[in-house]
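Report on the following structure.
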Amino acid sequence: AFFHPHCSAGGGGERVLWKAIEAIILATKQEEQEVYQHIIVYTSDPSTPDYRENVLQKVKERFSIDIPSATTSQPQFIHIPPKQNPANFRRFTLLAESWDTITLAWKALRQVTPSVYVDTTGCAFTFLVAKLLGQCHVVAYVHYPTVSKDMLQLVWERRPSYNNQTSTSRSTLATYIKLLYYCMFAVLYGGCGSLADLVFCNSSWTYNHIRSLWRMVGKKQMHILYPPCNTVVTTTAAITTTPGKQKRRATRNPQWIVSIGQFRPEKDHALQIRALAQVLENEKDKIKQRNNDWQVILENRKDSSKWTLIVIGSCRNKDDEARVAALKALAYEELQLSTLNVEFLVNPPFSTVQEYFQICGIGLHTM
């Protein structure tokens, strides 16, 4: 059983989930077994009559992953209540969210208790329920540690961030209290994570952090398993064009920047947009130094918008949609950038993502 409340979202974590399910189905078919009939996904999505068909169709369009259509090979969905909105937790957010995942896991396992419990969302505190109460074998795929030395360093240096408010960073007392809180949480996180029987990390960076936190997990039980990225498809597929944009998308442009990731606070898309604005401002300054009539030149230059940031991502809920609206306001209203400078693509199909991989010269992330 896979614990993945947002299984229908279109992020990298969901790609890992569905690729894992696809691999299990294919492996068991080759072995002529029927264990794949018992794949379960715990989801917080609302239950609808055609939910399974819609989700599998979305997976096919978004990730180009085709789960076999035979009823016996499709996963069974167990619907659980949705997670609490993080905005509801004004203080001690990490602890509150972790407790929320514990209650969700309890409700999930009360409906169906599997032999193997697989967490693909980084909710280590659910291991308490799965291992101690459900007596399950616990497998974890970790994309990013919930707490890390980098987070502690950020608080110690009193740098404002999405998880370190300015009011906290300006106060010495609040900083020390938060450091103590993070250290205590790291101990709890490490204890819960150590209940896992098998751990996969998506990178050497994640592996090193998890290794230092989940100390009771043996080295033979922890591995690096890179995310499934079909590089052949992204580099060899034919480029498709649309009316009005045929010339624009014909060849690779070294000054087009692509950013791919869910619209979540930790992705820091705002920093990307501000960085682009600074690049464009620097270009204006260079032209101004060369010619006093630089404003006229800028207005007539065809390549004044040659730097383009294409922000591609998925929205899981209304909070993410509001985040996209705020990013657009930042780009188009506050920074006065044009749609030729910043382009947003929300929940695009996999074919569109392929196309931008082929035509953009720079990849960017700020997580």
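Chain identifiers are assigned as A, B, and so on, following the order in which chains appear in the structure tokens; residues are numbered from 1 within each chain, and ligands are numbered from 1 in order of appearance.
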
Surrounding residues of range 347-354 of chain A excluding itself and chain neighbours under 4 positions, 7 Å, only C-alpha atoms, as a VMD selection string: chain A and resid 10 61 to 64 234 313 to 315 358

May I have the residues from that selection written out with C-alpha atoms, as an mmCIF file, in the first residue's frame?
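The resulting file, result-v4.cif, is reproduced below:
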data_model
loop_
_atom_site.group_PDB
_atom_site.id
_atom_site.type_symbol
_atom_site.label_atom_id
_atom_site.label_comp_id
_atom_site.auth_asym_id
_atom_site.auth_seq_id
_atom_site.Cartn_x
_atom_site.Cartn_y
_atom_site.Cartn_z
ATOM 1 C CA GLY A 10 1.304 16.384 -11.141
ATOM 2 C CA GLU A 61 -1.241 12.521 -20.094
ATOM 3 C CA ARG A 62 1.004 14.146 -17.488
ATOM 4 C CA PHE A 63 3.774 11.568 -17.121
ATOM 5 C CA SER A 64 3.366 9.334 -20.179
ATOM 6 C CA THR A 234 12.994 14.586 -23.759
ATOM 7 C CA GLY A 313 4.362 23.531 -12.592
ATOM 8 C CA SER A 314 1.307 21.855 -11.188
ATOM 9 C CA CYS A 315 -1.289 23.096 -8.722
ATOM 10 C CA GLN A 358 14.109 20.594 -26.110
#

CA of Phe263 in chain A to CA of Ile312 in chain A: how many Å, to one decimal?
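Between these atoms lies a distance of 8.8 Å.
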
message: I want to know what sits within 8 Å of range 125-137 of chain A, based on only C-alpha atoms, with residues of the same chain fewer than 2 positions away left out; could you give that as a list in words?
response: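 So, after excluding close chain neighbours, the residues are Ser98, Trp99, Thr101, Ile102, Ala105, Trp106, Leu109, Thr113, Pro114, Ser115, Val116, Tyr117, Cys123, Val139, Tyr189, Cys192, Gly193, Leu195, Ala196 and Asp197 of chain A.
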
Mind checking which residues fall within 9 Å of Asn341 in chain A, counting only C-alpha atoms, ignoring those fewer than 4 positions away in the same chain, and posting them as a list in words? Leu276, Ala277, Ser305, Lys306, Trp307, Thr308, Leu309, Ile310, Ala331 and Leu337 of chain A

Arg274 in chain A proximity check over A:Gln336, A:Asn202, A:Ser8, A:Thr251, using only C-alpha atoms: winner is A:Gln336

*asked:* as a ChimeraX atom specification, please: the residues near Leu213 in chain A (cut-off 10 Å, only C-alpha atoms, same-chain neighbours under 4 positions excluded).
replied: /A:145,147-149,186-194,207-209,217

Limited to C-alpha atoms, could you put the picked residues into a file as a short mmCIF file (atom, residue, chain, number, x, y, z; two decimals), in the first residue's frame?
data_model
loop_
_atom_site.label_atom_id
_atom_site.label_comp_id
_atom_site.auth_asym_id
_atom_site.auth_seq_id
_atom_site.Cartn_x
_atom_site.Cartn_y
_atom_site.Cartn_z
CA PRO A 145 14.23 15.61 4.63
CA VAL A 147 14.30 18.92 8.80
CA SER A 148 17.95 19.31 7.85
CA LYS A 149 21.20 20.95 8.85
CA ALA A 186 15.03 16.40 14.46
CA VAL A 187 15.38 13.85 17.30
CA LEU A 188 11.72 12.82 16.95
CA TYR A 189 12.00 12.74 13.17
CA GLY A 190 15.09 10.57 13.36
CA GLY A 191 13.43 8.15 15.75
CA CYS A 192 10.36 7.72 13.55
CA GLY A 193 12.40 7.42 10.36
CA SER A 194 14.54 4.72 11.95
CA TYR A 207 20.99 10.34 1.44
CA ASN A 208 23.64 12.12 3.51
CA HIS A 209 21.04 14.10 5.47
CA VAL A 217 18.64 2.30 9.76
#

Of A:Ala140, A:Ala1, A:Ile273, A:Ile362, the one sitting nearest Leu335 in chain A when using only C-alpha atoms is A:Ile273

*asked:* With only C-alpha atoms as the counted atoms, please give the residues lying no more than 10 Å from range 170-181 of chain A, apart from itself and same-chain residues fewer than 2 positions off, as a list in words.
replied: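 With the cut-off at 10 Å, the set is Phe92, Leu94, Leu95, Met151, Leu152, Gln153, Leu154, Val155, Trp156, Glu157, Arg158, Arg159, Pro160, Asn164, Gln165, Thr166, Ser167, Thr168, Cys183, Met184, Phe185 and Ala186 of chain A.
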
| Spatial neighbours of range 317-326 of chain A, max dist 9 Å, only C-alpha atoms, sep filter under 6 positions, as a list in words |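 Result of the neighbour search: Ala9, Asn85, Gln262, Phe263, Arg264, Pro265, Phe344 and Val346 of chain A.
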
Pairwise distance for CA of Val138 in chain A and CA of Val59 in chain A, rounded to one decimal in Å:
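Between CA of Val138 in chain A and CA of Val59 in chain A the gap is 25.2 Å.
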
Judged by only C-alpha atoms, the minimum distance to Gly261 in chain A among A:Leu364, A:Asp66, A:Glu97, A:Val112 is found for A:Leu364

As an MDAnalysis selection string, please: every residue in range 108-289 of chain A that a backbone DSSP assignment puts in strand (DSSP E). chainID A and resid 116:119 137:142 198:201 222:224 253:260

Given the selection you just returned, output its residues as a file containing N, CA, C and O atoms, formatted as an mmCIF file, in the first residue's frame.
data_model
loop_
_atom_site.group_PDB
_atom_site.id
_atom_site.type_symbol
_atom_site.label_atom_id
_atom_site.label_comp_id
_atom_site.auth_asym_id
_atom_site.auth_seq_id
_atom_site.Cartn_x
_atom_site.Cartn_y
_atom_site.Cartn_z
ATOM 1 N N VAL A 116 2.887 -4.556 3.361
ATOM 2 C CA VAL A 116 3.989 -3.623 3.110
ATOM 3 C C VAL A 116 3.414 -2.222 2.979
ATOM 4 O O VAL A 116 2.527 -1.983 2.150
ATOM 5 N N TYR A 117 3.920 -1.318 3.787
ATOM 6 C CA TYR A 117 3.478 0.079 3.783
ATOM 7 C C TYR A 117 4.580 0.910 3.143
ATOM 8 O O TYR A 117 5.733 0.905 3.605
ATOM 9 N N VAL A 118 4.248 1.623 2.061
ATOM 10 C CA VAL A 118 5.238 2.419 1.328
ATOM 11 C C VAL A 118 4.866 3.885 1.420
ATOM 12 O O VAL A 118 3.787 4.291 0.976
ATOM 13 N N ASP A 119 5.756 4.685 1.992
ATOM 14 C CA ASP A 119 5.537 6.130 2.075
ATOM 15 C C ASP A 119 6.348 6.802 0.983
ATOM 16 O O ASP A 119 7.579 6.676 0.953
ATOM 17 N N HIS A 137 5.662 -4.064 7.195
ATOM 18 C CA HIS A 137 7.009 -3.769 6.724
ATOM 19 C C HIS A 137 6.963 -2.366 6.126
ATOM 20 O O HIS A 137 6.111 -2.074 5.282
ATOM 21 N N VAL A 138 7.881 -1.503 6.521
ATOM 22 C CA VAL A 138 7.829 -0.094 6.114
ATOM 23 C C VAL A 138 8.931 0.211 5.103
ATOM 24 O O VAL A 138 10.115 -0.052 5.353
ATOM 25 N N VAL A 139 8.528 0.757 3.974
ATOM 26 C CA VAL A 139 9.453 1.201 2.927
ATOM 27 C C VAL A 139 9.247 2.698 2.721
ATOM 28 O O VAL A 139 8.102 3.166 2.702
ATOM 29 N N ALA A 140 10.335 3.435 2.576
ATOM 30 C CA ALA A 140 10.231 4.886 2.393
ATOM 31 C C ALA A 140 11.031 5.333 1.183
ATOM 32 O O ALA A 140 12.152 4.867 0.971
ATOM 33 N N TYR A 141 10.428 6.216 0.390
ATOM 34 C CA TYR A 141 11.165 6.914 -0.659
ATOM 35 C C TYR A 141 11.194 8.386 -0.261
ATOM 36 O O TYR A 141 10.153 9.044 -0.203
ATOM 37 N N VAL A 142 12.380 8.892 0.015
ATOM 38 C CA VAL A 142 12.529 10.238 0.578
ATOM 39 C C VAL A 142 13.015 11.201 -0.503
ATOM 40 O O VAL A 142 14.085 11.020 -1.075
ATOM 41 N N LEU A 198 13.298 -0.390 4.905
ATOM 42 C CA LEU A 198 14.031 -0.150 3.663
ATOM 43 C C LEU A 198 13.818 1.297 3.259
ATOM 44 O O LEU A 198 12.686 1.783 3.247
ATOM 45 N N VAL A 199 14.910 1.987 2.936
ATOM 46 C CA VAL A 199 14.839 3.416 2.631
ATOM 47 C C VAL A 199 15.525 3.693 1.298
ATOM 48 O O VAL A 199 16.641 3.225 1.057
ATOM 49 N N PHE A 200 14.843 4.466 0.452
ATOM 50 C CA PHE A 200 15.423 4.939 -0.799
ATOM 51 C C PHE A 200 15.455 6.463 -0.762
ATOM 52 O O PHE A 200 14.470 7.100 -0.388
ATOM 53 N N CYS A 201 16.576 7.043 -1.156
ATOM 54 C CA CYS A 201 16.725 8.504 -1.206
ATOM 55 C C CYS A 201 16.929 8.921 -2.653
ATOM 56 O O CYS A 201 17.574 8.216 -3.432
ATOM 57 N N MET A 222 19.583 1.272 3.361
ATOM 58 C CA MET A 222 19.409 2.618 2.813
ATOM 59 C C MET A 222 20.160 2.735 1.495
ATOM 60 O O MET A 222 21.338 2.406 1.416
ATOM 61 N N HIS A 223 19.460 3.212 0.470
ATOM 62 C CA HIS A 223 20.034 3.262 -0.869
ATOM 63 C C HIS A 223 19.674 4.568 -1.557
ATOM 64 O O HIS A 223 18.699 5.226 -1.205
ATOM 65 N N ILE A 224 20.477 4.912 -2.558
ATOM 66 C CA ILE A 224 20.164 6.043 -3.428
ATOM 67 C C ILE A 224 19.461 5.493 -4.662
ATOM 68 O O ILE A 224 19.979 4.616 -5.348
ATOM 69 N N ASN A 253 16.812 27.705 -27.875
ATOM 70 C CA ASN A 253 17.183 29.094 -27.612
ATOM 71 C C ASN A 253 18.029 29.137 -26.336
ATOM 72 O O ASN A 253 17.532 28.824 -25.256
ATOM 73 N N PRO A 254 19.302 29.524 -26.445
ATOM 74 C CA PRO A 254 20.187 29.511 -25.267
ATOM 75 C C PRO A 254 19.798 30.513 -24.187
ATOM 76 O O PRO A 254 20.327 30.459 -23.079
ATOM 77 N N GLN A 255 18.893 31.447 -24.499
ATOM 78 C CA GLN A 255 18.489 32.448 -23.520
ATOM 79 C C GLN A 255 17.063 32.226 -23.016
ATOM 80 O O GLN A 255 16.471 33.119 -22.438
ATOM 81 N N TRP A 256 16.561 31.036 -23.233
ATOM 82 C CA TRP A 256 15.289 30.649 -22.639
ATOM 83 C C TRP A 256 15.572 29.785 -21.417
ATOM 84 O O TRP A 256 16.365 28.838 -21.474
ATOM 85 N N ILE A 257 14.938 30.130 -20.328
ATOM 86 C CA ILE A 257 15.170 29.452 -19.052
ATOM 87 C C ILE A 257 13.896 28.712 -18.668
ATOM 88 O O ILE A 257 12.817 29.305 -18.626
ATOM 89 N N VAL A 258 14.014 27.428 -18.372
ATOM 90 C CA VAL A 258 12.850 26.653 -17.973
ATOM 91 C C VAL A 258 12.976 26.267 -16.500
ATOM 92 O O VAL A 258 14.032 25.848 -16.032
ATOM 93 N N SER A 259 11.897 26.441 -15.768
ATOM 94 C CA SER A 259 11.828 26.066 -14.353
ATOM 95 C C SER A 259 10.631 25.138 -14.182
ATOM 96 O O SER A 259 9.507 25.498 -14.516
ATOM 97 N N ILE A 260 10.880 23.930 -13.690
ATOM 98 C CA ILE A 260 9.811 22.939 -13.546
ATOM 99 C C ILE A 260 9.700 22.518 -12.088
ATOM 100 O O ILE A 260 10.696 22.111 -11.467
#

### Message
Taking only range 83-225 of chain A into account, list the residues labelled helix (DSSP H, G or I) by DSSP (computed from the backbone), as a count of residues only.
### Response
79

Taken to one decimal, the CA of Glu14 in chain A-CA of Gly361 in chain A distance is 26.0 Å

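Shortest atom-to-atom contact with Ser203 in chain A among A:Tyr144, A:Ile25, A:Met216, A:His6: A:Tyr144, counting only C-alpha atoms.
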